[in-house]
>>> print(open('my_file28.txt').read())   # compact mmCIF, C-alpha atoms
# COMPACT_ATOMS: atom_id res chain seq x y z
CA MET A 1 -22.66 6.61 31.38
CA VAL A 2 -24.40 8.52 34.20
CA VAL A 3 -26.41 6.38 36.64
CA ASP A 4 -28.76 7.91 39.22
CA ASP A 5 -32.26 6.94 40.39
CA GLU A 6 -33.16 10.64 40.86
CA ARG A 7 -34.36 11.82 37.46
CA THR A 8 -33.78 15.53 38.12
CA GLN A 9 -30.16 14.94 39.19
CA LEU A 10 -29.61 12.58 36.26
CA GLU A 11 -30.79 15.10 33.66
CA PHE A 12 -28.89 17.94 35.35
CA VAL A 13 -25.53 16.13 35.25
CA GLY A 14 -26.19 14.58 31.85
CA GLY A 15 -27.15 17.91 30.29
CA PHE A 16 -24.06 19.60 31.67
CA LEU A 17 -21.72 16.90 30.35
CA SER A 18 -23.43 16.89 26.95
CA LYS A 19 -22.88 20.65 26.64
CA ALA A 20 -19.24 20.06 27.60
CA GLY A 21 -18.87 17.87 24.50
CA PHE A 22 -19.24 14.36 25.92
CA GLU A 23 -21.42 11.57 24.54
CA VAL A 24 -23.63 10.71 27.49
CA ALA A 25 -25.96 7.78 28.24
CA LEU A 26 -28.46 8.37 31.09
CA MET A 27 -29.63 5.40 33.19
CA GLU A 28 -32.13 5.58 36.10
CA SER A 29 -31.51 1.98 37.16
CA ALA A 30 -28.21 0.33 38.09
CA ALA A 31 -29.47 -3.02 36.79
CA ARG A 32 -30.36 -1.53 33.40
CA ALA A 33 -27.06 0.34 33.37
CA LEU A 34 -25.19 -2.93 33.86
CA GLU A 35 -27.22 -4.60 31.10
CA ARG A 36 -26.31 -1.83 28.66
CA PHE A 37 -22.68 -1.77 29.82
CA ARG A 38 -22.35 -5.45 28.88
CA LYS A 39 -23.44 -4.59 25.32
CA GLU A 40 -21.65 -1.29 24.69
CA PRO A 41 -18.19 0.06 25.56
CA PHE A 42 -18.00 3.12 27.85
CA ASP A 43 -14.91 5.06 28.92
CA LEU A 44 -16.36 6.33 32.20
CA VAL A 45 -19.22 5.41 34.54
CA LEU A 46 -20.43 8.16 36.88
CA THR A 47 -22.76 6.48 39.36
CA ASP A 48 -24.77 7.37 42.46
CA GLN A 49 -23.88 5.32 45.54
CA ARG A 50 -27.33 4.68 47.06
CA MET A 51 -29.90 3.25 44.64
CA PRO A 52 -32.82 0.88 45.33
CA ASP A 53 -31.89 -2.04 43.06
CA MET A 54 -28.09 -2.02 43.36
CA SER A 55 -25.54 0.19 45.11
CA GLY A 56 -22.92 2.15 43.24
CA LEU A 57 -20.19 -0.04 44.76
CA ASP A 58 -21.95 -3.18 43.53
CA LEU A 59 -22.32 -1.66 40.08
CA LEU A 60 -18.62 -0.79 40.19
CA LYS A 61 -17.71 -4.45 40.89
CA GLN A 62 -19.98 -5.73 38.11
CA CYS A 63 -18.67 -3.23 35.55
CA ARG A 64 -15.07 -4.04 36.45
CA ALA A 65 -15.83 -7.74 35.95
CA VAL A 66 -16.87 -6.91 32.36
CA ASP A 67 -14.12 -4.36 31.64
CA PRO A 68 -11.28 -4.14 34.20
CA GLU A 69 -10.01 -0.91 32.59
CA VAL A 70 -13.22 1.14 32.84
CA ALA A 71 -13.08 4.30 34.97
CA VAL A 72 -15.79 4.59 37.65
CA ILE A 73 -16.51 7.72 39.72
CA ILE A 74 -18.83 7.29 42.71
CA MET A 75 -21.07 10.23 43.74
CA THR A 76 -23.14 10.32 46.90
CA ALA A 77 -25.02 12.69 49.16
CA TYR A 78 -23.86 10.60 52.15
CA GLY A 79 -20.21 11.59 52.09
CA SER A 80 -18.02 9.97 54.66
CA ILE A 81 -14.43 8.84 54.96
CA GLU A 82 -15.57 5.23 55.35
CA THR A 83 -17.58 5.30 52.12
CA ALA A 84 -14.70 6.93 50.24
CA VAL A 85 -12.25 4.33 51.52
CA SER A 86 -14.61 1.49 50.54
CA ALA A 87 -15.07 2.93 47.06
CA MET A 88 -11.31 3.26 46.52
CA LYS A 89 -10.65 -0.24 47.83
CA GLU A 90 -13.13 -1.64 45.34
CA GLY A 91 -11.29 0.11 42.52
CA ALA A 92 -13.22 3.38 42.12
CA THR A 93 -11.25 5.89 40.08
CA ASP A 94 -12.53 8.84 42.08
CA TYR A 95 -15.19 9.93 44.58
CA LEU A 96 -17.47 13.01 44.67
CA THR A 97 -20.07 14.22 47.16
CA LYS A 98 -23.42 15.81 46.34
CA PRO A 99 -24.35 18.50 45.58
CA LEU A 100 -21.82 18.24 42.79
CA ASN A 101 -19.45 21.06 41.95
CA LEU A 102 -19.63 20.92 38.16
CA GLU A 103 -16.27 22.57 37.60
CA GLU A 104 -14.72 20.04 39.97
CA LEU A 105 -16.46 17.25 38.08
CA LEU A 106 -14.83 18.37 34.81
CA LEU A 107 -11.42 18.49 36.47
CA ARG A 108 -11.86 14.95 37.81
CA ILE A 109 -12.93 13.68 34.38
CA GLU A 110 -9.90 15.35 32.78
CA ARG A 111 -7.68 13.65 35.37
CA VAL A 112 -9.24 10.28 34.51
CA ARG A 113 -8.74 10.91 30.78
CA ARG A 114 -5.04 11.71 31.24
CA SER A 115 -4.51 8.65 33.43
CA HIS A 116 -6.17 6.34 30.91
CA GLN A 117 -4.21 7.91 28.07
CA LEU A 118 -0.95 7.08 29.84
CA VAL A 119 -2.10 3.50 30.41
CA ARG A 120 -3.05 3.12 26.73
CA GLU A 121 0.26 4.60 25.57
CA ASN A 122 2.25 2.25 27.82
CA THR A 123 0.20 -0.70 26.57
CA GLU A 124 0.77 0.31 22.94
CA LEU A 125 4.49 0.67 23.64
CA ARG A 126 4.74 -2.85 25.06
CA GLU A 127 2.67 -4.28 22.21
CA ALA A 128 4.74 -2.46 19.59
CA LEU A 129 7.97 -3.80 21.05
CA LEU A 130 6.54 -7.33 21.04
CA GLU A 131 5.30 -6.91 17.47
CA ARG A 132 8.53 -5.40 16.13
CA HIS A 133 10.06 -8.69 14.99
CA ARG A 134 6.87 -9.68 13.24
CA ILE A 135 6.60 -6.33 11.44
CA GLU A 136 10.12 -6.71 10.11
CA GLY A 137 10.08 -10.46 9.48
CA VAL A 138 6.83 -12.26 8.73
CA ILE A 139 4.19 -9.79 7.62
CA GLY A 140 6.52 -7.77 5.41
CA GLU A 141 8.31 -10.48 3.43
CA SER A 142 7.88 -8.97 -0.05
CA GLY A 143 10.57 -6.81 -1.56
CA GLN A 144 8.22 -3.80 -1.54
CA MET A 145 7.53 -4.03 2.19
CA GLN A 146 11.19 -4.66 2.99
CA GLU A 147 11.97 -1.38 1.23
CA VAL A 148 9.30 0.34 3.34
CA LEU A 149 10.71 -1.11 6.56
CA ASP A 150 14.24 -0.16 5.54
CA LEU A 151 13.03 3.44 5.17
CA VAL A 152 11.38 3.19 8.60
CA ARG A 153 14.65 2.06 10.17
CA ARG A 154 16.58 4.89 8.51
CA VAL A 155 14.14 7.73 9.24
CA ALA A 156 13.12 6.71 12.77
CA PRO A 157 16.24 8.01 14.61
CA SER A 158 15.76 11.49 13.12
CA ASP A 159 13.16 14.18 13.83
CA ALA A 160 12.27 14.53 10.15
CA THR A 161 8.62 15.03 9.25
CA VAL A 162 7.27 11.94 7.49
CA LEU A 163 4.41 11.72 4.98
CA LEU A 164 2.82 8.27 4.62
CA ARG A 165 0.94 7.67 1.38
CA GLY A 166 -1.11 4.73 0.22
CA GLU A 167 -4.61 3.41 -0.22
CA SER A 168 -6.92 2.93 2.74
CA GLY A 169 -6.16 -0.22 4.68
CA THR A 170 -2.49 -0.51 3.69
CA GLY A 171 -1.25 -0.02 7.27
CA LYS A 172 -0.23 3.65 7.45
CA GLU A 173 -1.06 3.88 11.16
CA LEU A 174 0.99 0.74 11.85
CA ILE A 175 4.00 2.27 10.08
CA ALA A 176 3.55 5.51 12.07
CA LYS A 177 3.70 3.43 15.26
CA ALA A 178 6.79 1.60 14.02
CA ILE A 179 8.56 4.93 13.36
CA HIS A 180 7.62 6.31 16.78
CA TYR A 181 8.64 3.25 18.80
CA ALA A 182 11.92 2.89 16.90
CA SER A 183 12.77 6.56 17.55
CA PRO A 184 14.44 8.34 20.49
CA ARG A 185 10.92 9.60 21.35
CA ARG A 186 9.68 6.08 22.11
CA ASN A 187 9.17 6.92 25.80
CA GLY A 188 7.08 9.95 24.93
CA PRO A 189 3.42 9.85 23.87
CA LEU A 190 2.16 8.83 20.44
CA VAL A 191 -0.95 10.94 19.86
CA LYS A 192 -3.25 10.25 16.91
CA VAL A 193 -5.78 12.57 15.22
CA ASN A 194 -7.95 11.69 12.23
CA CYS A 195 -8.49 15.03 10.48
CA ALA A 196 -11.46 13.65 8.52
CA ALA A 197 -13.28 12.23 11.54
CA LEU A 198 -13.85 15.48 13.47
CA PRO A 199 -16.09 18.42 12.49
CA GLU A 200 -14.18 21.54 11.50
CA THR A 201 -15.62 23.41 14.51
CA LEU A 202 -14.07 20.90 16.93
CA LEU A 203 -10.82 20.10 15.12
CA GLU A 204 -9.06 23.37 16.03
CA SER A 205 -9.79 22.88 19.74
CA GLU A 206 -8.79 19.21 19.48
CA LEU A 207 -5.42 20.10 17.97
CA PHE A 208 -4.50 23.26 19.86
CA GLY A 209 -6.72 23.20 22.96
CA HIS A 210 -8.89 26.02 24.32
CA GLU A 211 -9.20 28.33 27.29
CA LYS A 212 -12.17 28.37 29.64
CA GLY A 213 -14.96 30.46 28.10
CA ALA A 214 -13.38 30.50 24.64
CA PHE A 215 -16.71 29.40 23.12
CA THR A 216 -20.09 28.09 24.21
CA GLY A 217 -19.56 24.88 26.15
CA ALA A 218 -15.91 25.60 27.01
CA PHE A 219 -16.45 25.17 30.75
CA ALA A 220 -12.79 24.51 31.51
CA MET A 221 -9.37 24.89 29.96
CA ARG A 222 -8.43 21.98 27.77
CA LYS A 223 -5.05 21.01 26.39
CA GLY A 224 -4.87 20.13 22.70
CA ARG A 225 -3.14 17.22 21.06
CA PHE A 226 -0.01 19.29 20.35
CA GLU A 227 0.49 19.93 24.07
CA ILE A 228 -0.31 16.34 25.01
CA ALA A 229 2.20 15.07 22.42
CA ASP A 230 5.08 17.14 23.87
CA LYS A 231 8.36 15.17 23.69
CA GLY A 232 6.57 12.57 21.57
CA THR A 233 4.98 12.10 18.15
CA LEU A 234 1.77 13.51 16.67
CA PHE A 235 0.22 11.40 13.90
CA LEU A 236 -2.19 13.38 11.71
CA ASP A 237 -4.17 10.97 9.56
CA GLU A 238 -6.04 12.10 6.43
CA ILE A 239 -4.06 15.36 6.36
CA GLY A 240 -5.63 16.25 3.00
CA ASP A 241 -8.92 16.95 4.81
CA LEU A 242 -7.41 19.62 7.09
CA PRO A 243 -9.36 22.91 6.64
CA ALA A 244 -7.51 25.87 5.09
CA HIS A 245 -7.31 28.04 8.24
CA LEU A 246 -5.90 25.12 10.23
CA GLN A 247 -3.34 24.47 7.50
CA ALA A 248 -1.97 27.96 8.24
CA LYS A 249 -1.79 27.23 11.99
CA LEU A 250 -0.11 23.87 11.36
CA LEU A 251 2.45 25.55 9.10
CA ARG A 252 3.27 28.00 11.89
CA VAL A 253 3.78 25.15 14.38
CA LEU A 254 6.14 23.42 11.95
CA GLN A 255 8.10 26.64 11.32
CA GLU A 256 8.14 28.24 14.78
CA LYS A 257 7.36 25.32 17.13
CA GLU A 258 4.65 27.34 18.89
CA PHE A 259 0.87 27.91 18.84
CA GLU A 260 -1.97 29.43 20.89
CA ARG A 261 -4.96 27.76 22.44
CA VAL A 262 -8.35 28.87 21.13
CA GLY A 263 -9.32 31.98 23.10
CA SER A 264 -5.75 32.85 24.12
CA ASN A 265 -2.95 35.05 22.80
CA ARG A 266 -0.24 33.32 24.84
CA ALA A 267 2.23 31.36 22.73
CA ILE A 268 2.86 27.77 23.83
CA THR A 269 5.87 25.79 22.69
CA SER A 270 5.75 22.05 22.13
CA ASP A 271 8.51 19.65 21.10
CA VAL A 272 6.62 17.35 18.73
CA ARG A 273 7.59 15.18 15.79
CA ILE A 274 4.95 15.22 13.04
CA ILE A 275 3.94 12.19 10.98
CA THR A 276 1.10 12.67 8.50
CA ALA A 277 -0.80 10.28 6.26
CA THR A 278 -3.17 10.46 3.33
CA HIS A 279 -4.79 8.20 0.77
CA GLY A 280 -5.64 11.20 -1.42
CA ASP A 281 -3.86 13.11 -4.17
CA LEU A 282 -2.25 16.09 -2.42
CA GLU A 283 -0.79 17.37 -5.69
CA GLN A 284 -4.30 17.61 -7.18
CA LEU A 285 -5.55 19.32 -4.01
CA MET A 286 -2.77 21.91 -4.44
CA ARG A 287 -3.79 22.49 -8.05
CA ASP A 288 -7.39 22.93 -6.90
CA GLY A 289 -6.26 25.46 -4.31
CA SER A 290 -7.55 23.48 -1.32
CA PHE A 291 -4.13 22.50 0.06
CA ARG A 292 -1.27 24.93 0.71
CA GLU A 293 1.84 24.38 -1.37
CA ASP A 294 4.17 25.65 1.39
CA LEU A 295 2.61 23.22 3.88
CA TYR A 296 2.94 20.35 1.41
CA TYR A 297 6.71 20.88 1.14
CA ARG A 298 7.00 21.13 4.94
CA LEU A 299 5.23 17.81 5.37
CA ASN A 300 6.89 16.07 2.43
CA VAL A 301 10.42 15.89 3.90
CA VAL A 302 10.45 12.08 3.78
CA THR A 303 7.70 10.23 1.91
CA ILE A 304 6.98 6.54 2.47
CA ILE A 305 4.61 4.94 -0.03
CA LEU A 306 2.80 1.82 1.16
CA PRO A 307 1.99 -0.55 -1.71
CA PRO A 308 -1.52 -2.01 -1.98
CA LEU A 309 -1.86 -5.69 -1.11
CA ARG A 310 -2.54 -6.67 -4.73
CA GLU A 311 0.99 -5.48 -5.59
CA ARG A 312 2.69 -7.52 -2.85
CA ARG A 313 1.01 -10.89 -3.13
CA GLN A 314 4.13 -12.58 -1.73
CA ASP A 315 2.91 -11.40 1.67
CA LEU A 316 -0.51 -13.04 1.37
CA PRO A 317 0.38 -16.53 2.73
CA ALA A 318 2.13 -15.11 5.81
CA LEU A 319 -0.64 -12.56 6.44
CA ILE A 320 -3.36 -15.21 6.16
CA ASP A 321 -1.53 -17.49 8.61
CA HIS A 322 -0.93 -14.59 11.01
CA PHE A 323 -4.58 -13.51 11.11
CA LEU A 324 -5.66 -17.15 11.37
CA ARG A 325 -3.59 -17.62 14.55
CA LYS A 326 -4.61 -14.25 15.95
CA PHE A 327 -8.38 -14.67 15.62
CA ALA A 328 -8.45 -18.38 16.40
CA GLU A 329 -6.80 -17.60 19.74
CA LYS A 330 -9.04 -14.56 20.31
CA ASN A 331 -12.21 -16.61 19.73
CA GLY A 332 -10.98 -19.70 21.57
CA LYS A 333 -11.20 -21.96 18.52
CA ALA A 334 -8.84 -24.79 17.52
CA ILE A 335 -8.71 -23.95 13.80
CA GLN A 336 -6.26 -26.00 11.74
CA GLY A 337 -6.44 -23.73 8.71
CA PHE A 338 -8.25 -23.08 5.43
CA SER A 339 -9.21 -25.79 2.99
CA HIS A 340 -7.31 -25.83 -0.30
CA GLU A 341 -10.27 -24.26 -2.13
CA ALA A 342 -10.80 -21.53 0.49
CA ARG A 343 -7.11 -20.64 0.65
CA ASP A 344 -6.91 -20.59 -3.14
CA ALA A 345 -9.82 -18.12 -3.26
CA LEU A 346 -8.08 -15.88 -0.72
CA LEU A 347 -4.87 -15.95 -2.74
CA ARG A 348 -6.68 -15.01 -6.00
CA TYR A 349 -8.67 -12.07 -4.60
CA ASP A 350 -7.47 -8.49 -5.28
CA TYR A 351 -8.39 -6.93 -1.87
CA PRO A 352 -9.54 -3.41 -2.74
CA GLY A 353 -9.67 -2.81 1.03
CA ASN A 354 -6.07 -4.08 1.36
CA VAL A 355 -4.73 -5.65 4.58
CA ARG A 356 -7.68 -4.38 6.64
CA GLU A 357 -10.09 -6.21 4.32
CA LEU A 358 -8.05 -9.43 4.53
CA GLU A 359 -8.01 -9.19 8.33
CA ASN A 360 -11.79 -8.74 8.45
CA LEU A 361 -12.33 -11.65 6.03
CA VAL A 362 -10.25 -14.05 8.12
CA GLU A 363 -11.93 -12.96 11.37
CA ARG A 364 -15.37 -13.40 9.79
CA ALA A 365 -14.50 -16.89 8.57
CA ILE A 366 -13.23 -17.96 12.00
CA VAL A 367 -16.31 -16.60 13.77
CA LEU A 368 -18.71 -18.34 11.35
CA THR A 369 -17.06 -21.75 10.95
CA ARG A 370 -18.27 -24.76 12.92
CA ASP A 371 -15.37 -26.96 11.77
CA ASP A 372 -11.66 -26.97 12.44
CA VAL A 373 -10.96 -26.37 8.73
CA ILE A 374 -12.46 -23.27 7.11
CA GLN A 375 -14.37 -24.03 3.91
CA PRO A 376 -15.26 -21.69 1.00
CA GLY A 377 -18.80 -21.42 2.43
CA GLU A 378 -17.46 -19.17 5.21
CA LEU A 379 -16.13 -16.66 2.66
CA PRO A 380 -18.23 -13.87 1.08
CA LEU A 381 -19.66 -14.57 -2.37
CA THR A 382 -17.39 -11.98 -4.04
CA ILE A 383 -14.32 -13.89 -2.79
CA LYS A 384 -15.61 -17.32 -3.86
CA GLU A 385 -16.55 -16.03 -7.32
CA THR A 386 -13.04 -14.72 -8.03
CA ARG A 387 -12.10 -16.79 -11.05
CA ALA A 388 -8.78 -18.44 -11.65
CA GLY A 389 -7.38 -17.14 -14.94
CA THR A 390 -4.55 -14.99 -16.15
CA ASP A 391 -3.48 -14.15 -12.62
CA ASP A 392 -2.97 -17.79 -11.54
CA GLN A 393 0.66 -17.87 -12.67
CA THR A 394 1.33 -14.59 -10.84
CA ASN A 395 -0.34 -15.91 -7.68
CA LEU A 396 1.62 -19.17 -7.85
CA SER A 397 4.85 -17.23 -8.28
CA ALA A 398 3.96 -15.06 -5.30
CA VAL A 399 3.34 -18.09 -3.09
CA VAL A 400 6.56 -19.79 -4.24
CA GLU A 401 8.60 -16.61 -3.68
CA GLY A 402 7.13 -16.19 -0.21
CA MET A 403 8.10 -19.77 0.71
CA GLU A 404 11.56 -19.34 -0.84
CA ARG A 405 12.22 -16.20 1.15
CA ARG A 406 11.22 -17.86 4.44
CA MET A 407 13.52 -20.82 3.66
CA ILE A 408 16.42 -18.42 3.02
CA VAL A 409 15.78 -16.53 6.27
CA ASP A 410 15.63 -19.82 8.21
CA ALA A 411 18.80 -21.15 6.56
CA LEU A 412 20.75 -17.97 7.33
CA SER A 413 19.56 -18.07 10.92
CA ALA A 414 20.62 -21.72 11.31
CA ALA A 415 23.99 -20.94 9.71
CA GLY A 416 24.62 -17.99 12.03
CA GLY A 417 24.52 -15.59 9.08
CA VAL A 418 27.30 -17.38 7.18
CA GLN A 419 26.14 -17.31 3.56
CA THR A 420 28.37 -20.20 2.39
CA LYS A 421 26.82 -22.58 4.93
CA ALA A 422 23.33 -21.27 4.20
CA ALA A 423 23.81 -21.79 0.46
CA ASP A 424 25.06 -25.37 1.04
CA SER A 425 22.05 -26.23 3.20
CA LEU A 426 19.71 -24.83 0.52
CA GLY A 427 21.50 -26.69 -2.28
CA ILE A 428 22.33 -23.54 -4.28
CA SER A 429 25.53 -21.64 -5.02
CA GLU A 430 26.63 -18.71 -2.88
CA ARG A 431 26.31 -16.46 -5.93
CA ALA A 432 22.69 -17.55 -6.38
CA LEU A 433 22.06 -16.90 -2.69
CA ARG A 434 23.42 -13.34 -2.96
CA TYR A 435 21.15 -12.71 -5.94
CA LYS A 436 18.11 -13.88 -3.98
CA LEU A 437 19.12 -11.77 -0.95
CA ARG A 438 19.01 -8.69 -3.17
CA LYS A 439 15.81 -9.83 -4.87
CA TYR A 440 13.92 -10.19 -1.59
CA GLY A 441 15.32 -7.09 0.06
CA LEU A 442 17.40 -9.04 2.60
CA ARG A 443 20.81 -7.88 3.76
CA ASP A 444 23.82 -8.89 1.64
CA ASP A 445 26.77 -7.98 3.84
CA LYS A 446 29.29 -10.19 2.05
>>> encode(input="my_file28.txt", output="structure tokens")
Amino acid sequence: MVVDDERTQLEFVGGFLSKAGFEVALMESAARALERFRKEPFDLVLTDQRMPDMSGLDLLKQCRAVDPEVAVIIMTAYGSIETAVSAMKEGATDYLTKPLNLEELLLRIERVRRSHQLVRENTELREALLERHRIEGVIGESGQMQEVLDLVRRVAPSDATVLLRGESGTGKELIAKAIHYASPRRNGPLVKVNCAALPETLLESELFGHEKGAFTGAFAMRKGRFEIADKGTLFLDEIGDLPAHLQAKLLRVLQEKEFERVGSNRAITSDVRIITATHGDLEQLMRDGSFREDLYYRLNVVTIILPPLRERRQDLPALIDHFLRKFAEKNGKAIQGFSHEARDALLRYDYPGNVRELENLVERAIVLTRDDVIQPGELPLTIKETRAGTDDQTNLSAVVEGMERRMIVDALSAAGGVQTKAADSLGISERALRYKLRKYGLRDDK
């Protein structure tokens, strides 16, 4: 967001940044800028200092009250040490004097971007470490997910390229994070690129970077994701959508560990671990000639297949309870749970959108409910109309197995891992306990 009461200056800066590839909102009034900022997220606010309705410093304070993490650069024609000191004390990210040096402006913005990337990566690292127990314990209780997590634990210490496969919404990005943060590269960056989300004309620059003047709008050198991910992990989502000429460049990086920025002949080396993901049929894409066979075998060193939610219904009760706690706390609501009818509808549904769809359904229900118990009325019609029928026995078995597994885990924990004591507390034989440990993908060390 660029804020300046001088229209000519506003359009000049905004036009320059737009040509440089940024999405820019232009605001002639600080008050209107603040109103829009409260409704929409912005990464950076570039604001004039002296404006008639509100100063840049006041706008800085108000924006920081809404989003403490937002970057704010103050620009002014009245440059002085005192003003700069005041701006920095109030939390300004940087300070520029008019007339602006546009090349300097791009350098300052790049500095802000790098700083915020480091903050985000550190935050994700802390969150991943806090979430690790839950990933391995509660949300992945089914045998299928325990097999997935066992593969994660085994492949994480290596540098092997990993291919994650599964339907949309099954948690491929979450598994990529789990691999990274359980690996020796955990202190390096985890950089993510969605190959389907960027136009082909921008994707090459995004991956490999570009030199100043490499193409129209390349006003400064820019590092690509491969350089930024040095000593860390690069996660390429929807790899099946990577254009053919970029498949060749990616293959070279995997084979030779080097690449060139767009507009340069200088080879750059980068120590990066590659994790890719797709929900598509790469084998069919190879038969169609749209995906390179040699690249496929380079990426397919270790494949982890994430099962759809309908095939691991044992996880449904724990997932529902997890999202209930998460969104009740987020929305400040004292929700006791779902009514029997509402929970039954959630347990019967097939979830074509997988875990992501379940998460959205629970959040929607919590936002809409006026009571402390969520009723079927807060669920979409398609969920409520799911009929109980031939799947009821399967759903009941899934719920019972999920409860049984949690009881076994709790009993083993209380018994200090001694299976004889755990079996006694559960009222079953040790042989039966060992069978169930294998059935649910738990460790059977004895």
>>> atom_distance(input="my_file28.txt", atom1="atom CA of A:Asp5", atom2="atom CA of A:Gly91")
22.2 Å
>>> atom_distance(input="my_file28.txt", atom1="atom CA of A:Gln336", atom2="atom CA of A:Asp371")
9.2 Å
>>> closest_atom_pairs(input="my_file28.txt", of="stretch 243-279 of chain A", to="stretch 165-171 of chain A", cutoff="12 Å", atoms="all atoms listed in the file", output="Markdown table")
| residue | atom | partner | partner_atom | distance |
| --- | --- | --- | --- | --- |
| A:Ile275 | CA | A:Arg165 | CA | 11.0 |
| A:Thr276 | CA | A:Arg165 | CA | 8.7 |
| A:Ala277 | CA | A:Arg165 | CA | 5.8 |
| A:Thr278 | CA | A:Arg165 | CA | 5.3 |
| A:His279 | CA | A:Glu167 | CA | 4.9 |
>>> residues_around(input="my_file28.txt", residues="stretch 224-234 of chain A", least_positions_apart="4", cutoff="8 Å", atoms="only C-alpha atoms", output="compact mmCIF listing (two decimals) with C-alpha atoms, in the coordinates of the input")
# COMPACT_ATOMS: atom_id res chain seq x y z
CA HIS A 180 7.62 6.31 16.78
CA ARG A 185 10.92 9.60 21.35
CA ARG A 186 9.68 6.08 22.11
CA ASN A 187 9.17 6.92 25.80
CA GLY A 188 7.08 9.95 24.93
CA PRO A 189 3.42 9.85 23.87
CA LEU A 190 2.16 8.83 20.44
CA VAL A 191 -0.95 10.94 19.86
CA LYS A 192 -3.25 10.25 16.91
CA VAL A 193 -5.78 12.57 15.22
CA SER A 205 -9.79 22.88 19.74
CA GLU A 206 -8.79 19.21 19.48
CA LEU A 207 -5.42 20.10 17.97
CA PHE A 208 -4.50 23.26 19.86
CA GLY A 209 -6.72 23.20 22.96
CA HIS A 210 -8.89 26.02 24.32
CA ARG A 261 -4.96 27.76 22.44
CA SER A 270 5.75 22.05 22.13
CA ASP A 271 8.51 19.65 21.10
CA VAL A 272 6.62 17.35 18.73
CA ARG A 273 7.59 15.18 15.79
CA ILE A 274 4.95 15.22 13.04
CA ILE A 275 3.94 12.19 10.98
>>> closest_residue(input="my_file28.txt", among="A:Ala432, A:Met54, A:Ala178, A:Ala33", to="A:Leu151", atoms="only C-alpha atoms")
A:Ala178
>>> closest_residue(input="my_file28.txt", among="A:Leu368, A:Leu426, A:Cys63, A:Val262", to="A:Lys212", atoms="all atoms listed in the file")
A:Val262
>>> residues_near_point(input="my_file28.txt", point="(-25.5, 6.8, 44.1)", cutoff="9 Å", atoms="only C-alpha atoms", output="PyMOL selection string")
chain A and resi 3-5+46-51+55-57+74-77
>>> atom_distance(input="my_file28.txt", atom1="atom CA of A:Glu293", atom2="atom CA of A:Cys195")
18.3 Å
>>> residues_around(input="my_file28.txt", residues="A:Glu283", least_positions_apart="4", cutoff="9 Å", atoms="all atoms listed in the file", output="list in words")
Arg287, Asp288, Phe291, Glu293 and Tyr296 of chain A
>>> write_last_selection(input="my_file28.txt", atoms="C-alpha atoms", output="PDB file, in the frame of the given file")
ATOM      1  CA  ARG A 287      -3.790  22.490  -8.050  1.00  0.00           C
ATOM      2  CA  ASP A 288      -7.390  22.930  -6.900  1.00  0.00           C
ATOM      3  CA  PHE A 291      -4.130  22.500   0.060  1.00  0.00           C
ATOM      4  CA  GLU A 293       1.840  24.380  -1.370  1.00  0.00           C
ATOM      5  CA  TYR A 296       2.940  20.350   1.410  1.00  0.00           C
TER       6      TYR A 296
END
>>> residues_around(input="my_file28.txt", residues="A:Leu34", least_positions_apart="6", cutoff="12 Å", atoms="all atoms listed in the file", output="JSON, numbers by chain")
{"A": [1, 2, 3, 27, 28, 40, 41, 42, 45, 47, 53, 54, 55, 56, 58, 59, 60, 61, 62, 63, 64, 65, 66, 67]}
